[in-house]
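To start, the structure under review is shown below, and the notes come after it.
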Amino acid sequence: MTERTSGVLVVDKATGVTSFDAVALARRRLGVRRIGHAGTLDPAATGVLPLLIGEATKVTPYLMDRDKEYIVTIRFGVTTDTHDLDGRILAETPVVGLTRERVETACRSFVGRIRQVPPMYSAVHHAGRRLYELAREGAEVDRTPREVVVETIEVQGLDDARATLRIVCGKGTYVRVIAADLGAAVGCGAAVERLQRTRVGAFTLVDALPWHDLEVAAPAALWARALPLDAALAHLPAARLDPAGSRRFVHGQPAGVAPPLAPGALARVYDGDGLLLGVGEMMAGGSVRPVRMVHADRPGSSVRPA
């Protein structure tokens, strides 16, 4: 059997480590230099962190565009400079008259297409530097609000000054900012106490490798948990090419697809043997043009359903 060189390893990130720490550890354990991740998790946060290995790094943008689900515990009555309880406390306010109905009403303002100001403690660039680098030096700069999409905020529980929320949102959304803005909306401030990402696209905690296993399991066991590259593209329809079409596609030329898909749709494109060739865009007339080429491992297992 041909040795695998690419794939998607979904990890349950532990608290206290950065997303880059996870990447660095995976590089050492798997002996592969080219590994990236599909969406930063704060060091204090836990949960689903897809690691893309080898050729899979080429499809990172298609996975990062997928929605994400979080379970977050918010502490009301406290405001910090990082919007979580790891930060420096800026203000503490008594929490009076906080009800589930009041929290649910306030949450509605943060559902839909909203504009968020990135927090100073974030990896956003400003004048060539990361915002968190400036924040650690005591500086604060103006940040341009960014449009993000929040699909759902569900209040799962309220206990005294703590609320547990389930949030489904699009890329670029800062749950810490939602917490801080929610605290401002109810008038007492708030910060994240605990944050867990439970899903990225179709990848859930059920798929995730425990952090301890990433630290100690044998490389062969880690590769056995890695999903095929096209698992990151399972949300895209499949287009399969005949031998002539495959040759055209890999040489950068449009190729006919039967049956055709809707024009403008992105598709994962395979040859007749089931080898992933890349991502293509459907054109009028039933052809698919190459958008992103990959050199995938020979198929050993089928793609997971989206």
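Residues are referred to by chain and number: the chain letter is A, B, ... according to the order shown in the structure tokens, the number counts from 1 in that chain, and ligands are numbered separately from 1 in the order shown.
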
Checklist entry - Skipping near chain neighbours, those fewer than 5 positions away, what residues fall within 10 Å of Ile74 (chain A) using only C-alpha atoms, listed as a list in words? => result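 So the residues in contact are His83, Asp84, Leu85, Leu158, Ala161, Arg162, Ala163, Thr164, Leu165, Arg176, Ile178, Ala179, Ala180, Leu182, Gly183, Ala190, Ala191, Val192, Glu193, Arg194 and Leu195 of chain A.
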
Store the residues picked out above in a file with all heavy atoms, as a compact mmCIF listing (two decimals), in the first residue's frame.
```txt
# COMPACT_ATOMS: atom_id res chain seq x y z
N HIS A 83 -11.74 40.20 26.95
CA HIS A 83 -13.11 39.70 26.82
C HIS A 83 -13.27 38.27 27.32
O HIS A 83 -14.28 37.63 27.04
CB HIS A 83 -13.64 39.81 25.38
CG HIS A 83 -13.57 41.18 24.80
ND1 HIS A 83 -13.72 42.32 25.55
CD2 HIS A 83 -13.37 41.60 23.51
CE1 HIS A 83 -13.61 43.38 24.76
NE2 HIS A 83 -13.40 42.97 23.53
N ASP A 84 -12.29 37.77 28.05
CA ASP A 84 -12.44 36.49 28.75
C ASP A 84 -11.83 36.63 30.15
O ASP A 84 -11.23 37.66 30.48
CB ASP A 84 -11.83 35.33 27.97
CG ASP A 84 -10.33 35.48 27.73
OD1 ASP A 84 -9.65 36.19 28.50
OD2 ASP A 84 -9.82 34.89 26.76
N LEU A 85 -11.99 35.60 30.97
CA LEU A 85 -11.57 35.71 32.36
C LEU A 85 -10.06 35.57 32.54
O LEU A 85 -9.56 35.71 33.66
CB LEU A 85 -12.29 34.67 33.21
CG LEU A 85 -13.81 34.88 33.33
CD1 LEU A 85 -14.41 33.89 34.32
CD2 LEU A 85 -14.15 36.31 33.74
N LEU A 158 -29.23 29.48 32.30
CA LEU A 158 -28.83 30.67 33.06
C LEU A 158 -28.82 30.30 34.52
O LEU A 158 -29.82 29.83 35.07
CB LEU A 158 -29.80 31.83 32.80
CG LEU A 158 -29.49 33.13 33.55
CD1 LEU A 158 -28.19 33.75 33.04
CD2 LEU A 158 -30.64 34.13 33.39
N ALA A 161 -25.21 34.46 37.66
CA ALA A 161 -24.56 35.41 36.75
C ALA A 161 -23.88 34.72 35.58
O ALA A 161 -23.08 35.33 34.88
CB ALA A 161 -23.53 36.24 37.52
N ARG A 162 -24.19 33.45 35.34
CA ARG A 162 -23.59 32.70 34.24
C ARG A 162 -24.66 32.25 33.26
O ARG A 162 -25.71 31.76 33.67
CB ARG A 162 -22.83 31.47 34.74
CG ARG A 162 -21.57 31.78 35.51
CD ARG A 162 -20.91 30.48 35.97
NE ARG A 162 -19.64 30.72 36.64
CZ ARG A 162 -19.52 31.01 37.91
NH1 ARG A 162 -20.62 31.10 38.68
NH2 ARG A 162 -18.33 31.23 38.45
N ALA A 163 -24.34 32.38 31.98
CA ALA A 163 -25.22 31.87 30.94
C ALA A 163 -24.43 30.93 30.04
O ALA A 163 -23.26 31.17 29.75
CB ALA A 163 -25.81 33.01 30.10
N THR A 164 -25.08 29.86 29.61
CA THR A 164 -24.48 28.95 28.64
C THR A 164 -25.21 29.14 27.31
O THR A 164 -26.44 29.04 27.25
CB THR A 164 -24.61 27.49 29.09
OG1 THR A 164 -23.94 27.34 30.35
CG2 THR A 164 -23.98 26.55 28.07
N LEU A 165 -24.43 29.43 26.28
CA LEU A 165 -24.99 29.70 24.96
C LEU A 165 -24.44 28.72 23.94
O LEU A 165 -23.29 28.30 24.02
CB LEU A 165 -24.64 31.12 24.49
CG LEU A 165 -24.91 32.30 25.42
CD1 LEU A 165 -24.51 33.59 24.73
CD2 LEU A 165 -26.38 32.35 25.81
N ARG A 176 -15.76 35.93 21.81
CA ARG A 176 -15.44 36.82 22.94
C ARG A 176 -16.09 38.19 22.77
O ARG A 176 -16.53 38.81 23.74
CB ARG A 176 -13.92 36.98 23.06
CG ARG A 176 -13.21 35.79 23.65
CD ARG A 176 -11.72 36.03 23.75
NE ARG A 176 -11.06 36.04 22.46
CZ ARG A 176 -10.20 36.97 22.04
NH1 ARG A 176 -9.90 38.00 22.82
NH2 ARG A 176 -9.63 36.89 20.86
N ILE A 178 -18.87 38.77 21.03
CA ILE A 178 -20.30 38.59 21.27
C ILE A 178 -20.58 38.65 22.77
O ILE A 178 -21.53 39.29 23.22
CB ILE A 178 -20.80 37.26 20.67
CG1 ILE A 178 -20.74 37.30 19.14
CG2 ILE A 178 -22.22 36.95 21.14
CD1 ILE A 178 -21.14 35.99 18.47
N ALA A 179 -19.74 37.99 23.56
CA ALA A 179 -19.93 37.99 25.02
C ALA A 179 -19.83 39.40 25.58
O ALA A 179 -20.67 39.81 26.40
CB ALA A 179 -18.90 37.08 25.67
N ALA A 180 -18.80 40.14 25.17
CA ALA A 180 -18.61 41.50 25.69
C ALA A 180 -19.76 42.41 25.26
O ALA A 180 -20.27 43.21 26.07
CB ALA A 180 -17.28 42.05 25.20
N LEU A 182 -22.77 41.48 24.46
CA LEU A 182 -23.99 41.04 25.15
C LEU A 182 -24.01 41.60 26.57
O LEU A 182 -25.05 42.07 27.06
CB LEU A 182 -24.04 39.51 25.17
CG LEU A 182 -25.25 38.85 25.81
CD1 LEU A 182 -26.52 39.26 25.10
CD2 LEU A 182 -25.09 37.33 25.78
N GLY A 183 -22.85 41.59 27.22
CA GLY A 183 -22.77 42.16 28.56
C GLY A 183 -23.09 43.64 28.57
O GLY A 183 -23.77 44.14 29.47
N ALA A 190 -19.71 41.57 30.54
CA ALA A 190 -19.62 40.11 30.53
C ALA A 190 -18.30 39.69 29.89
O ALA A 190 -17.70 40.45 29.12
CB ALA A 190 -20.79 39.46 29.79
N ALA A 191 -17.87 38.48 30.22
CA ALA A 191 -16.65 37.92 29.64
C ALA A 191 -16.82 36.41 29.52
O ALA A 191 -17.61 35.80 30.24
CB ALA A 191 -15.44 38.25 30.51
N VAL A 192 -16.06 35.83 28.61
CA VAL A 192 -16.10 34.39 28.41
C VAL A 192 -15.41 33.69 29.57
O VAL A 192 -14.26 33.99 29.91
CB VAL A 192 -15.42 34.00 27.08
CG1 VAL A 192 -15.23 32.48 27.00
CG2 VAL A 192 -16.25 34.49 25.90
N GLU A 193 -16.11 32.72 30.17
CA GLU A 193 -15.53 31.89 31.23
C GLU A 193 -14.99 30.58 30.66
O GLU A 193 -13.94 30.08 31.07
CB GLU A 193 -16.57 31.61 32.30
CG GLU A 193 -16.06 30.77 33.46
CD GLU A 193 -17.07 30.67 34.58
OE1 GLU A 193 -17.20 31.64 35.36
OE2 GLU A 193 -17.77 29.62 34.66
N ARG A 194 -15.72 30.01 29.71
CA ARG A 194 -15.32 28.74 29.10
C ARG A 194 -15.82 28.72 27.66
O ARG A 194 -16.95 29.12 27.39
CB ARG A 194 -15.90 27.56 29.88
CG ARG A 194 -15.52 26.19 29.35
CD ARG A 194 -16.09 25.09 30.25
NE ARG A 194 -15.69 23.76 29.79
CZ ARG A 194 -16.39 23.04 28.89
NH1 ARG A 194 -17.51 23.53 28.38
NH2 ARG A 194 -15.96 21.85 28.52
N LEU A 195 -14.97 28.23 26.76
CA LEU A 195 -15.34 28.20 25.34
C LEU A 195 -14.91 26.87 24.74
O LEU A 195 -13.74 26.48 24.86
CB LEU A 195 -14.68 29.36 24.58
CG LEU A 195 -14.95 29.43 23.07
CD1 LEU A 195 -16.45 29.63 22.80
CD2 LEU A 195 -14.15 30.57 22.44
```

Next on the checklist: Could you tell me how far CA of Thr60 (chain A) sits from CA of Tyr132 (chain A), in Å to one decimal place?
Outcome noted: 23.8 Å

Next on the checklist: For the alpha helix (DSSP H) assignment from backbone DSSP, which residues of region 64-281 of chain A qualify? Please present them as number ranges by chain.
Outcome noted: A: 64, 100-107, 131-136, 175-186, 211-216, 219-225, 243-250

Checklist entry - Can you list every residue in region 112-188 of chain A that DSSP puts in strand (DSSP E), as a PyMOL selection string? => result chain A and resi 112-116+125-126+129-130+146-159+162-169
